[in-house]
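Q: Following this message is one structure expressed as structure tokens.
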Amino acid sequence: MTAPPTAGRVRPARGHLLRWPVLALAVGAWELAARTRGSIFFPPPSRIARHAYDLWFSGPASHLFLTDTAFDTIGPSLGRMAAGFALAAVAGITLGTAIGRSRRAYALCDPVLQFARAVPPPALVPVFVVLLDFGTPMQIASIVFSAVWPLLVNTAEGARNTEPLRLEVAAVLRLTPAERLRYVILPSALPRIFAGLRLSLSLALILMVFSELLPGTENGIGFLLTDAQSRSDLLTVWAVLALLGTLGHLLNTGLLAIERRLLGTGRKT
């Protein structure tokens, strides 16, 4: 007996609804604990949210309610992150597909790929400081070089594990290499590609903030965090941390929505 067509849709919807009470319970417990303790080092989330609103989202409607501080901090950071992530995605998918299609290339490159992905991303930032000096090019380069490896490795694995039967059918149909890549290899590798994209997105966010903590940075979320720490502005520090968590969640949710759109609604998160 098969399940009704709507069963697969009801369960994910119910799971999404259950997340909100859990989140509300966690925030409520934080609020109660912070107000009970009354420490300036551990402010309640209501104060953090109010300060974040005044800092970034109390601007005029013509500016989408964003303040000048938001344009000076969130805008540059998201621009650097988007540029680094886009370059990493193009390089990772292109090189990963090329390596994964050739057994010899995969065997030769695999040790280098495993070595590169094992290096902690923040450890590479001093190298780019020496090569490119401080500034936006160094920040974007550090994001690209750190975010490219998970995507490259996952794409290569996905292309390498394409079902032989599909490749045999493509050969029988006399598909050109470009058609074989478009209709057989890339669709088979898409689940692994999206797994790599999610990992790369997280690394891009981490490296974006870390690169902005270095001297020579004049704007961005990381710069605001460093400036707030130097002034002992703990409320701004907490607001920045909450902003980073929210940005990470929203970006990951958007990527998951694209993945479900391309691969079907049956995939679990």
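Just so we're on the same page: first chain in the structure tokens is A, next is B, and so on; residues restart at 1 for each chain, and ligands are numbered from 1 in the order they show up.
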Write out as a ChimeraX atom specification each polymer residue whose atoms come within 10 Å of range 218-232 of chain A, counting only C-alpha atoms; drop sequence neighbours fewer than 5 positions from it.
A: /A:41,69-80,135,206-213,237-241,243-244
Q: One decimal, Å: what's the distance from CA of Leu151 in chain A over to CA of Ala195 in chain A, could you say?
A: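 Distance between the two atoms: 7.7 Å.
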Q: So which residues touch Leu250 in chain A within 12 Å, counting only C-alpha atoms, skipping near sequence neighbours fewer than 5 positions away, as a list in words?
A: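 After dropping sequence-adjacent residues, the list is Leu201, Ser202, Leu205, Leu243, Leu244, Gly245, Leu255, Leu256 and Ala257 of chain A.
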Q: Would you kindly return, as a PyMOL selection string, each protein, DNA or RNA residue with an atom no farther than 10 Å from any atom of range 104-121 of chain A, considering only C-alpha atoms and excluding same-chain residues fewer than 3 positions away?
A: chain A and resi 96+98-101+124-125+142-143+145-150+152-153+156-157+160+203-204+206-207+210
Q: Which residues, written as a PDB file with all heavy atoms, in the first residue's frame, have at least one atom at most 10 Å from Leu262 in chain A, with only C-alpha atoms counted and residues fewer than 6 positions away on the same chain left out?
A:
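That gives us selection19.pdb:
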```
ATOM      1  N   PRO A 187      23.842  16.228 -13.832  1.00  0.00           N
ATOM      2  CA  PRO A 187      22.671  15.833 -13.039  1.00  0.00           C
ATOM      3  C   PRO A 187      22.982  14.757 -12.003  1.00  0.00           C
ATOM      4  O   PRO A 187      22.439  14.786 -10.895  1.00  0.00           O
ATOM      5  CB  PRO A 187      21.687  15.314 -14.097  1.00  0.00           C
ATOM      6  CG  PRO A 187      22.057  16.041 -15.337  1.00  0.00           C
ATOM      7  CD  PRO A 187      23.557  16.156 -15.283  1.00  0.00           C
ATOM      8  N   LEU A 190      24.849  16.463  -9.022  1.00  0.00           N
ATOM      9  CA  LEU A 190      24.210  17.595  -8.342  1.00  0.00           C
ATOM     10  C   LEU A 190      24.056  17.413  -6.829  1.00  0.00           C
ATOM     11  O   LEU A 190      24.307  18.357  -6.070  1.00  0.00           O
ATOM     12  CB  LEU A 190      22.850  17.888  -8.973  1.00  0.00           C
ATOM     13  CG  LEU A 190      22.821  18.924 -10.105  1.00  0.00           C
ATOM     14  CD1 LEU A 190      21.406  19.147 -10.597  1.00  0.00           C
ATOM     15  CD2 LEU A 190      23.442  20.245  -9.660  1.00  0.00           C
ATOM     16  N   PRO A 191      23.630  16.242  -6.326  1.00  0.00           N
ATOM     17  CA  PRO A 191      23.541  16.105  -4.860  1.00  0.00           C
ATOM     18  C   PRO A 191      24.865  16.361  -4.152  1.00  0.00           C
ATOM     19  O   PRO A 191      24.907  17.035  -3.114  1.00  0.00           O
ATOM     20  CB  PRO A 191      23.068  14.661  -4.673  1.00  0.00           C
ATOM     21  CG  PRO A 191      22.348  14.328  -5.929  1.00  0.00           C
ATOM     22  CD  PRO A 191      23.101  15.047  -7.005  1.00  0.00           C
ATOM     23  N   LEU A 256      19.319  25.689   0.458  1.00  0.00           N
ATOM     24  CA  LEU A 256      18.506  24.481   0.553  1.00  0.00           C
ATOM     25  C   LEU A 256      17.245  24.596  -0.297  1.00  0.00           C
ATOM     26  O   LEU A 256      16.806  23.599  -0.894  1.00  0.00           O
ATOM     27  CB  LEU A 256      18.133  24.210   2.012  1.00  0.00           C
ATOM     28  CG  LEU A 256      19.233  23.635   2.899  1.00  0.00           C
ATOM     29  CD1 LEU A 256      18.758  23.569   4.342  1.00  0.00           C
ATOM     30  CD2 LEU A 256      19.653  22.252   2.424  1.00  0.00           C
TER      31      LEU A 256
END
```
Q: Nearest to Leu247 in chain A among A:Met81, A:Val130, A:Leu95, A:Ala24, with distances taken over only C-alpha atoms: which residue is it?
A: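 Of the candidates, the smallest distance to Leu247 in chain A is held by A:Met81.
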Q: So which one's closest to Asp133 in chain A, A:Leu199, A:Leu263, A:Leu214, A:Val27? Using only C-alpha atoms, please.
A: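 Among the listed residues, the smallest separation from Asp133 in chain A belongs to A:Leu214.
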Q: Nearest residue to Pro126 in chain A out of A:Ala26, A:Ile93, A:Met138, A:Ala159, using only C-alpha atoms?
A: A:Met138
Q: May I have all residues of range 178-241 of chain A that DSSP, computed from the backbone, assigns to alpha helix (DSSP H), given as a ChimeraX atom specification?
A: /A:178-180,186-212,221-230,234-241
Q: A:Leu132, A:Leu234, A:Ala91, A:Leu25: which is nearest His51 in chain A, counting only C-alpha atoms?
A: A:Leu234
Q: Which one of A:Gly254, A:Ala171, A:Ala83, A:His249 sits closest to Pro137 in chain A if you count only C-alpha atoms?
A: A:Ala83
Q: Using only C-alpha atoms, can you tell me which of A:Gly264, A:Gly84, A:Gly158, A:Pro177 comes closest to Gln139 in chain A?
A: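 Using only C-alpha atoms, Gln139 in chain A sits closest to A:Gly84.
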